Each structure stands twice: as C-alpha cells, then as structure tokens.
>>> print(open('query-v2.pdb').read())   # PDB, C-alpha atoms
ATOM      1  CA  ILE A   1      88.773 106.334  91.241
ATOM      2  CA  GLY A   2      85.822 108.610  90.606
ATOM      3  CA  LEU A   3      84.146 108.445  94.014
ATOM      4  CA  ASN A   4      82.652 111.509  95.680
ATOM      5  CA  PRO A   5      83.690 111.281  99.349
ATOM      6  CA  HIS A   6      82.172 112.859 102.414
ATOM      7  CA  PHE A   7      84.872 114.119 104.788
ATOM      8  CA  LEU A   8      84.101 113.156 108.384
ATOM      9  CA  SER A   9      84.963 114.974 111.594
ATOM     10  CA  ASP A  10      86.073 113.136 114.731
ATOM     11  CA  ASP A  11      82.717 113.865 116.352
ATOM     12  CA  GLU A  12      80.750 112.488 113.392
ATOM     13  CA  VAL A  13      82.628 109.187 113.534
ATOM     14  CA  ALA A  14      82.284 108.913 117.311
ATOM     15  CA  ASP A  15      78.561 109.772 117.103
ATOM     16  CA  GLY A  16      77.840 106.821 114.807
ATOM     17  CA  TRP A  17      77.330 108.814 111.594
ATOM     18  CA  LEU A  18      78.496 105.847 109.499
ATOM     19  CA  ASP A  19      75.666 103.599 110.674
ATOM     20  CA  LYS A  20      73.097 106.411 110.708
ATOM     21  CA  VAL A  21      73.505 107.062 106.973
ATOM     22  CA  ASN A  22      74.109 103.399 106.095
ATOM     23  CA  ALA A  23      77.608 104.144 104.761
ATOM     24  CA  LYS A  24      79.412 101.378 102.886
ATOM     25  CA  PHE A  25      83.034 102.454 102.657
ATOM     26  CA  LEU A  26      85.317 104.239 105.137
ATOM     27  CA  ILE A  27      88.879 105.332 104.306
ATOM     28  CA  LEU A  28      91.259 106.170 107.154
ATOM     29  CA  PRO A  29      94.355 107.939 105.773
ATOM     30  CA  GLY A  30      97.114 108.409 108.345
ATOM     31  CA  CYS A  31      94.742 108.081 111.319
ATOM     32  CA  ASN A  32      97.369 107.427 113.943
ATOM     33  CA  SER A  33      95.300 109.015 116.742
ATOM     34  CA  LEU A  34      91.713 107.993 117.475
ATOM     35  CA  SER A  35      89.500 108.283 120.542
ATOM     36  CA  ASP A  36      87.958 105.273 122.252
ATOM     37  CA  ASP A  37      84.534 106.316 120.944
ATOM     38  CA  GLU A  38      85.886 106.517 117.395
ATOM     39  CA  THR A  39      87.490 103.066 117.510
ATOM     40  CA  LYS A  40      84.292 101.562 118.918
ATOM     41  CA  ALA A  41      82.225 103.227 116.180
ATOM     42  CA  ILE A  42      84.582 101.933 113.472
ATOM     43  CA  GLU A  43      84.519  98.428 114.911
ATOM     44  CA  THR A  44      80.712  98.498 114.984
ATOM     45  CA  PHE A  45      80.587  99.838 111.424
ATOM     46  CA  VAL A  46      82.682  96.948 110.082
ATOM     47  CA  ALA A  47      80.952  94.317 112.221
ATOM     48  CA  ASN A  48      77.611  95.454 110.775
ATOM     49  CA  GLY A  49      78.793  95.012 107.182
ATOM     50  CA  GLY A  50      80.878  98.089 106.348
ATOM     51  CA  THR A  51      84.255  98.167 104.619
ATOM     52  CA  VAL A  52      87.241 100.055 106.022
ATOM     53  CA  LEU A  53      90.560 100.805 104.319
ATOM     54  CA  ALA A  54      93.616 102.213 106.134
ATOM     55  CA  ASP A  55      97.189 102.868 105.077
ATOM     56  CA  ILE A  56      98.644 102.466 108.592
ATOM     57  CA  LEU A  57      97.192 100.609 111.581
ATOM     58  CA  PRO A  58      94.824 103.254 113.029
ATOM     59  CA  GLY A  59      94.462 104.219 116.667
ATOM     60  CA  HIS A  60      98.029 103.605 117.801
ATOM     61  CA  ARG A  61      97.756 106.817 119.812
ATOM     62  CA  GLN A  62      95.040 108.506 121.821
ATOM     63  CA  PRO A  63      93.899 111.993 120.731
ATOM     64  CA  ASN A  64      96.282 113.586 123.258
ATOM     65  CA  GLY A  65      99.209 111.778 121.626
ATOM     66  CA  ASN A  66      99.720 109.138 124.308
ATOM     67  CA  ILE A  67     100.689 105.738 122.922
ATOM     68  CA  ARG A  68      98.242 102.945 123.682
ATOM     69  CA  LYS A  69      99.576  99.737 125.206
ATOM     70  CA  SER A  70      97.339  97.778 122.831
ATOM     71  CA  ILE A  71      95.777  98.839 119.542
ATOM     72  CA  PRO A  72      91.979  98.414 119.707
ATOM     73  CA  LEU A  73      91.444  98.039 115.951
ATOM     74  CA  ALA A  74      94.115  95.350 115.494
ATOM     75  CA  LYS A  75      91.473  92.612 115.760
ATOM     76  CA  VAL A  76      89.321  94.354 113.139
ATOM     77  CA  PHE A  77      92.234  94.301 110.674
ATOM     78  CA  GLY A  78      93.278  90.807 111.755
ATOM     79  CA  VAL A  79      96.871  91.682 112.647
ATOM     80  CA  LYS A  80      99.161  92.007 115.652
ATOM     81  CA  ARG A  81     102.594  93.390 116.395
ATOM     82  CA  ASP A  82     105.411  90.893 116.721
ATOM     83  CA  GLY A  83     107.212  91.879 119.905
ATOM     84  CA  LYS A  84     110.386  90.127 118.769
ATOM     85  CA  ILE A  85     110.842  92.595 115.902
ATOM     86  CA  LYS A  86     112.257  95.870 117.205
ATOM     87  CA  THR A  87     112.626  97.682 113.878
ATOM     88  CA  LYS A  88     109.670 100.004 113.355
ATOM     89  CA  ARG A  89     110.184 100.635 109.655
ATOM     90  CA  SER A  90     111.144  98.671 106.598
ATOM     91  CA  GLN A  91     111.673 100.070 103.132
ATOM     92  CA  GLY A  92     112.201  98.750  99.660
ATOM     93  CA  SER A  93     110.390  97.634  96.540
ATOM     94  CA  LEU A  94     106.824  96.542  97.266
ATOM     95  CA  ASN A  95     105.486  93.705  95.137
ATOM     96  CA  GLY A  96     102.210  91.838  95.206
ATOM     97  CA  SER A  97      98.621  91.609  94.072
ATOM     98  CA  PRO A  98      96.099  94.504  94.196
ATOM     99  CA  TYR A  99      93.698  92.449  96.348
ATOM    100  CA  GLY A 100      92.984  90.234  93.362
ATOM    101  CA  PRO A 101      94.245  86.977  91.837
ATOM    102  CA  LYS A 102      97.615  85.858  93.204
ATOM    103  CA  ASP A 103      98.975  85.589  89.655
ATOM    104  CA  ASP A 104      98.315  89.310  89.069
ATOM    105  CA  GLN A 105     101.631  90.438  90.531
ATOM    106  CA  ARG A 106     102.488  94.160  90.325
ATOM    107  CA  ASP A 107     105.438  96.387  91.129
ATOM    108  CA  PHE A 108     104.369  99.158  93.531
ATOM    109  CA  ALA A 109     107.870 100.671  93.540
ATOM    110  CA  PHE A 110     109.574 102.057  96.646
ATOM    111  CA  SER A 111     107.485 101.999  99.804
ATOM    112  CA  LEU A 112     107.697 102.107 103.594
ATOM    113  CA  ALA A 113     106.058  99.510 105.851
ATOM    114  CA  ASP A 114     105.911  98.399 109.497
ATOM    115  CA  PRO A 115     107.679  94.999 109.651
ATOM    116  CA  ARG A 116     106.256  94.312 113.114
ATOM    117  CA  LEU A 117     102.753  93.730 111.741
ATOM    118  CA  ILE A 118     101.922  90.083 111.148
ATOM    119  CA  PRO A 119      98.568  88.494 110.324
ATOM    120  CA  THR A 120      96.417  86.730 112.901
ATOM    121  CA  THR A 121      93.211  86.194 110.908
ATOM    122  CA  ALA A 122      94.088  88.414 107.926
ATOM    123  CA  LYS A 123      95.567  87.400 104.575
ATOM    124  CA  SER A 124      98.525  89.276 103.066
ATOM    125  CA  PHE A 125      98.630  90.084  99.341
ATOM    126  CA  ALA A 126     101.964  91.927  99.076
ATOM    127  CA  ALA A 127     105.358  92.268 100.749
ATOM    128  CA  ILE A 128     108.675  94.076 100.843
ATOM    129  CA  PRO A 129     111.349  91.346 100.740
ATOM    130  CA  LYS A 130     114.499  91.384 102.841
ATOM    131  CA  GLN A 131     117.403  92.806 100.888
ATOM    132  CA  SER A 132     120.840  91.448 101.724
ATOM    133  CA  ASP A 133     122.485  94.835 101.235
ATOM    134  CA  THR A 134     120.183  96.741 103.656
ATOM    135  CA  PRO A 135     119.515  96.485 107.403
ATOM    136  CA  TYR A 136     115.746  96.487 106.916
ATOM    137  CA  PRO A 137     113.716  93.322 107.591
ATOM    138  CA  ALA A 138     111.033  91.949 105.309
ATOM    139  CA  ALA A 139     107.518  93.322 105.792
ATOM    140  CA  LYS A 140     104.080  92.021 104.878
ATOM    141  CA  ALA A 141     101.523  94.385 103.362
ATOM    142  CA  PHE A 142      98.046  94.588 101.847
ATOM    143  CA  PHE A 143      96.202  92.757 104.629
ATOM    144  CA  SER A 144      92.594  91.728 104.122
ATOM    145  CA  ASN A 145      90.421  90.507 106.987
ATOM    146  CA  ARG A 146      86.814  89.459 107.389
ATOM    147  CA  PHE A 147      85.372  90.925 110.595
ATOM    148  CA  GLY A 148      81.763  90.260 111.506
ATOM    149  CA  LYS A 149      79.682  90.996 108.419
ATOM    150  CA  GLY A 150      82.225  93.443 106.992
ATOM    151  CA  GLN A 151      85.747  93.622 105.578
ATOM    152  CA  ALA A 152      88.866  95.453 106.735
ATOM    153  CA  TYR A 153      91.839  96.301 104.493
ATOM    154  CA  LEU A 154      95.180  97.492 105.812
ATOM    155  CA  LEU A 155      97.791  98.524 103.261
ATOM    156  CA  ASN A 156     100.669  98.827 105.758
ATOM    157  CA  ALA A 157     102.436 100.692 102.984
ATOM    158  CA  SER A 158     103.195 104.309 102.206
ATOM    159  CA  PHE A 159     102.281 105.865  98.877
ATOM    160  CA  ALA A 160     102.914 109.496  99.759
ATOM    161  CA  ASN A 161     104.126 110.159  96.215
ATOM    162  CA  TYR A 162     100.791 109.089  94.699
ATOM    163  CA  ASP A 163     100.127 112.584  93.307
ATOM    164  CA  THR A 164     103.342 112.461  91.306
ATOM    165  CA  MET A 165     102.574 108.967  90.053
ATOM    166  CA  ARG A 166      99.037 109.988  89.104
ATOM    167  CA  ARG A 167     100.277 112.874  86.977
ATOM    168  CA  ARG A 168     102.662 110.530  85.185
ATOM    169  CA  GLY A 169      99.990 107.879  84.719
ATOM    170  CA  ASP A 170     102.585 105.096  84.657
ATOM    171  CA  ALA A 171     102.376 101.411  85.624
ATOM    172  CA  THR A 172     103.092 102.156  89.295
ATOM    173  CA  TRP A 173     100.182 104.588  89.471
ATOM    174  CA  ARG A 174      97.925 102.017  87.815
ATOM    175  CA  ALA A 175      98.976  99.384  90.344
ATOM    176  CA  TRP A 176      98.057 101.622  93.288
ATOM    177  CA  ARG A 177      94.886 102.835  91.602
ATOM    178  CA  ASP A 178      93.765  99.290  90.794
ATOM    179  CA  THR A 179      94.344  98.314  94.427
ATOM    180  CA  ILE A 180      92.167 101.088  95.839
ATOM    181  CA  LYS A 181      89.553 100.558  93.145
ATOM    182  CA  GLN A 182      89.413  96.836  93.910
ATOM    183  CA  VAL A 183      88.648  97.616  97.547
ATOM    184  CA  ALA A 184      85.989 100.147  96.517
ATOM    185  CA  ASP A 185      84.445  97.608  94.138
ATOM    186  CA  ASN A 186      84.435  94.982  96.902
ATOM    187  CA  ALA A 187      82.588  97.512  99.071
ATOM    188  CA  GLN A 188      80.007  97.843  96.274
ATOM    189  CA  THR A 189      80.761 101.504  95.660
ATOM    190  CA  ARG A 190      80.917 102.692  92.076
ATOM    191  CA  SER A 191      81.909 105.865  90.299
ATOM    192  CA  VAL A 192      78.870 107.710  88.962
ATOM    193  CA  MET A 193      80.944 109.328  86.229
ATOM    194  CA  PRO A 194      84.179 107.485  85.334
ATOM    195  CA  GLY A 195      86.754 109.405  83.311
ATOM    196  CA  THR A 196      88.613 107.583  80.546
ATOM    197  CA  SER A 197      90.890 108.375  77.630
ATOM    198  CA  GLY A 198      90.896 105.877  74.813
ATOM    199  CA  GLY A 199      89.123 103.403  77.046
ATOM    200  CA  GLU A 200      91.734 103.667  79.820
ATOM    201  CA  PRO A 201      91.530 105.541  83.167
ATOM    202  CA  THR A 202      92.638 109.161  82.828
ATOM    203  CA  PRO A 203      95.549 109.995  85.167
ATOM    204  CA  GLY A 204      95.499 113.241  87.156
ATOM    205  CA  PHE A 205      91.791 113.850  86.523
ATOM    206  CA  GLU A 206      88.760 113.464  88.767
ATOM    207  CA  PHE A 207      85.053 114.284  88.800
ATOM    208  CA  SER A 208      83.152 115.821  91.711
ATOM    209  CA  PRO A 209      79.399 115.287  91.146
ATOM    210  CA  PHE A 210      76.981 117.308  93.287
ATOM    211  CA  ASN A 211      73.247 117.826  93.585
ATOM    212  CA  ASN A 212      71.708 121.035  92.268
ATOM    213  CA  GLY A 213      68.094 121.251  93.266
ATOM    214  CA  ASN A 214      66.310 118.319  91.679
ATOM    215  CA  GLY A 215      69.084 117.820  89.095
TER     216      GLY A 215
END
>>> encode(input="query-v2.pdb", output="structure tokens")
Amino acid sequence: IGLNPHFLSDDEVADGWLDKVNAKFLILPGCNSLSDDETKAIETFVANGGTVLADILPGHRQPNGNIRKSIPLAKVFGVKRDGKIKTKRSQGSLNGSPYGPKDDQRDFAFSLADPRLIPTTAKSFAAIPKQSDTPYPAAKAFFSNRFGKGQAYLLNASFANYDTMRRRGDATWRAWRDTIKQVADNAQTRSVMPGTSGGEPTPGFEFSPFNNGNG
C-alpha cells in the first residue's frame, strides 16, 4: 500500500517507542507471544489515539511460550473467546466488507479463522459461513473496535498466500489490499509515492522512500 514501515523490536515496543515518536499506525503480524510490558504499551498506544491492526489476537502466549489464562489485549480489540466452542480453527471462503460500506461485499477466497472469537464491543465486517459438508463452524472476522481515543482492527483471518495473490493482481488481492489500505487511511497514514498502472494500483510493486541528507 506504499507505506514505509519502521520495524520494531520487542524492547522498543515495551519501552514506549510508539508514544515517544507519536506513531499513528501499528501492525502486529502473527504476534502470538508478547510480554506484559509490550501489551501494556500497546494498550496505552491505542488508548491515546493510535491505530493497531493484527491478523490474529495478539498476546495469547507469554514470551517463554506459556499460554495465558486470559488475553490482555482482548478488551482493546473488543472480543472474547466463547468457551462453549471447542474448535480452534475454521476454514472456508471468507466474504465481507473491507472495513467500508456494508454493501461493498468482497470475496477474500479461502481463509482460516478462530471461530471462538466473538465480539463484545467490536463490530464484525466479514465471516466464514458454516458449510453443511464440512465439520468447521462459522467464524466472524474483520473486527473493528473503538478503544479510548484510538481504534483496533483484528482480521481474525489468514492471508498467508498474499504474495502469490499480489503477483497475480486479481480481485482477491485487491480485496485484501483495499482492506489494509482502508485501515491505513483510517489511521491517517498515506503513501508518499503511490504506484499505479493505468490509474490502478500496481500489483507486486512497492516503493521504499528514504532520506538522503537534506533530500
């Protein structure tokens, strides 16, 4: 989507780097393990007006791999785990809106999701429906939750094949790209150098701007 990210270490997050530099947008890809200091820093970041996006519910485990009895960031994302649902994974065709108008329904193709996650204060914009010919339950996805002065987005969906989709540049790639871009736009972050071909986003291509002296 044309953004130039800064990759954070565990210590930077825990030390409050996000608030120190007045960051706007934090992406947490596959952050299953987080320390207590990291979760507190992320919660503070969102409460103070930041935007966070995660693919899975972060902080399920401690850094040593131990599973937490409760997930500290669940309230930030406005979700909880339904203890009555024992199945940890659902799979199927994901359909919904890329955090936009409800009538803008897209096909996100095959995806994995945690069916145990249900909204408490969050809104859900997509879902994997229950299929009669599979044992997998339905699962909600694309959660959006207002927390303090900020916003938290939880995809609860896997798009591990995004690289392949990006190279193809098909409708599925555009659906995923539009979803992430919508979140970035909501966080008031913009690409400094968007790449287009014939007026449309260029698949499989990205810019990496950098400072060179005063230039």
>>> closest_atom_pairs(input="query-v2.pdb", of="segment 128-201 of chain A", to="segment 88-98 of chain A", cutoff="9 Å", atoms="only C-alpha atoms", output="JSON lines")
{"residue": "A:Ile128", "atom": "CA", "partner": "A:Leu94", "partner_atom": "CA", "distance": 4.7}
{"residue": "A:Pro129", "atom": "CA", "partner": "A:Gly92", "partner_atom": "CA", "distance": 7.5}
{"residue": "A:Lys130", "atom": "CA", "partner": "A:Gly92", "partner_atom": "CA", "distance": 8.3}
{"residue": "A:Gln131", "atom": "CA", "partner": "A:Gly92", "partner_atom": "CA", "distance": 8.0}
{"residue": "A:Pro135", "atom": "CA", "partner": "A:Ser90", "partner_atom": "CA", "distance": 8.7}
{"residue": "A:Tyr136", "atom": "CA", "partner": "A:Ser90", "partner_atom": "CA", "distance": 5.1}
{"residue": "A:Pro137", "atom": "CA", "partner": "A:Ser90", "partner_atom": "CA", "distance": 6.0}
{"residue": "A:Ala138", "atom": "CA", "partner": "A:Ser90", "partner_atom": "CA", "distance": 6.8}
{"residue": "A:Ala139", "atom": "CA", "partner": "A:Ser90", "partner_atom": "CA", "distance": 6.5}
{"residue": "A:Ala141", "atom": "CA", "partner": "A:Leu94", "partner_atom": "CA", "distance": 8.4}
{"residue": "A:Phe142", "atom": "CA", "partner": "A:Pro98", "partner_atom": "CA", "distance": 7.9}
{"residue": "A:Ala157", "atom": "CA", "partner": "A:Leu94", "partner_atom": "CA", "distance": 8.3}
{"residue": "A:Ala175", "atom": "CA", "partner": "A:Pro98", "partner_atom": "CA", "distance": 6.9}
{"residue": "A:Trp176", "atom": "CA", "partner": "A:Pro98", "partner_atom": "CA", "distance": 7.4}
{"residue": "A:Arg177", "atom": "CA", "partner": "A:Pro98", "partner_atom": "CA", "distance": 8.8}
{"residue": "A:Asp178", "atom": "CA", "partner": "A:Pro98", "partner_atom": "CA", "distance": 6.3}
{"residue": "A:Thr179", "atom": "CA", "partner": "A:Pro98", "partner_atom": "CA", "distance": 4.2}
{"residue": "A:Ile180", "atom": "CA", "partner": "A:Pro98", "partner_atom": "CA", "distance": 7.8}
{"residue": "A:Lys181", "atom": "CA", "partner": "A:Pro98", "partner_atom": "CA", "distance": 9.0}
{"residue": "A:Gln182", "atom": "CA", "partner": "A:Pro98", "partner_atom": "CA", "distance": 7.1}
{"residue": "A:Val183", "atom": "CA", "partner": "A:Pro98", "partner_atom": "CA", "distance": 8.7}
>>> residues_near_point(input="query-v2.pdb", point="(81.3, 96.4, 102.2)", cutoff="7 Å", atoms="all atoms listed in the file", output="short mmCIF file (atom, residue, chain, number, x, y, z; two decimals) with C-alpha atoms, keeping the file's coordinate frame")
data_model
loop_
_atom_site.label_atom_id
_atom_site.label_comp_id
_atom_site.auth_asym_id
_atom_site.auth_seq_id
_atom_site.Cartn_x
_atom_site.Cartn_y
_atom_site.Cartn_z
CA LYS A 24 79.41 101.38 102.89
CA PHE A 25 83.03 102.45 102.66
CA GLY A 49 78.79 95.01 107.18
CA GLY A 50 80.88 98.09 106.35
CA THR A 51 84.26 98.17 104.62
CA GLY A 150 82.22 93.44 106.99
CA GLN A 151 85.75 93.62 105.58
CA ASN A 186 84.44 94.98 96.90
CA ALA A 187 82.59 97.51 99.07
CA GLN A 188 80.01 97.84 96.27
#
>>> resolve_selection(input="query-v2.pdb", expression="the PyMOL selection byres ((chain A and resi 27-39) around 10)", output="PyMOL selection string")
chain A and resi 5+7+10-16+25-26+40-45+51-68+71-73+76+153-154+158+184
>>> atom_distance(input="query-v2.pdb", atom1="atom CA of Asp185 of chain A", atom2="atom CA of Asn22 of chain A")
16.8 Å
>>> axis_aligned_box(input="query-v2.pdb", around="segment 53-67 of chain A", padding_each_side="3 Å", output="lines of an AutoDock Vina configuration file")
center_x = 95.6
center_y = 107.1
center_z = 114.3
size_x = 16.1
size_y = 19.0
size_z = 26.0
>>> atom_distance(input="query-v2.pdb", atom1="atom CA of Leu155 of chain A", atom2="atom CA of Val46 of chain A")
16.7 Å
>>> closest_residue(input="query-v2.pdb", among="A:Lys140, A:His6, A:Arg146, A:Arg174", to="Lys75 of chain A", atoms="only C-alpha atoms")
A:Arg146
>>> resolve_selection(input="query-v2.pdb", expression="the PyMOL selection byres ((chain A and resi 84) around 12)", output="VMD selection string")
chain A and resid 80 to 83 85 to 88 115 to 118
>>> closest_residue(input="query-v2.pdb", among="A:Ala171, A:Ala122, A:Val79, A:Ala47", to="Arg106 of chain A", atoms="all atoms listed in the file")
A:Ala171
>>> atom_distance(input="query-v2.pdb", atom1="atom CA of Asp104 of chain A", atom2="atom CA of Ile1 of chain A")
19.6 Å
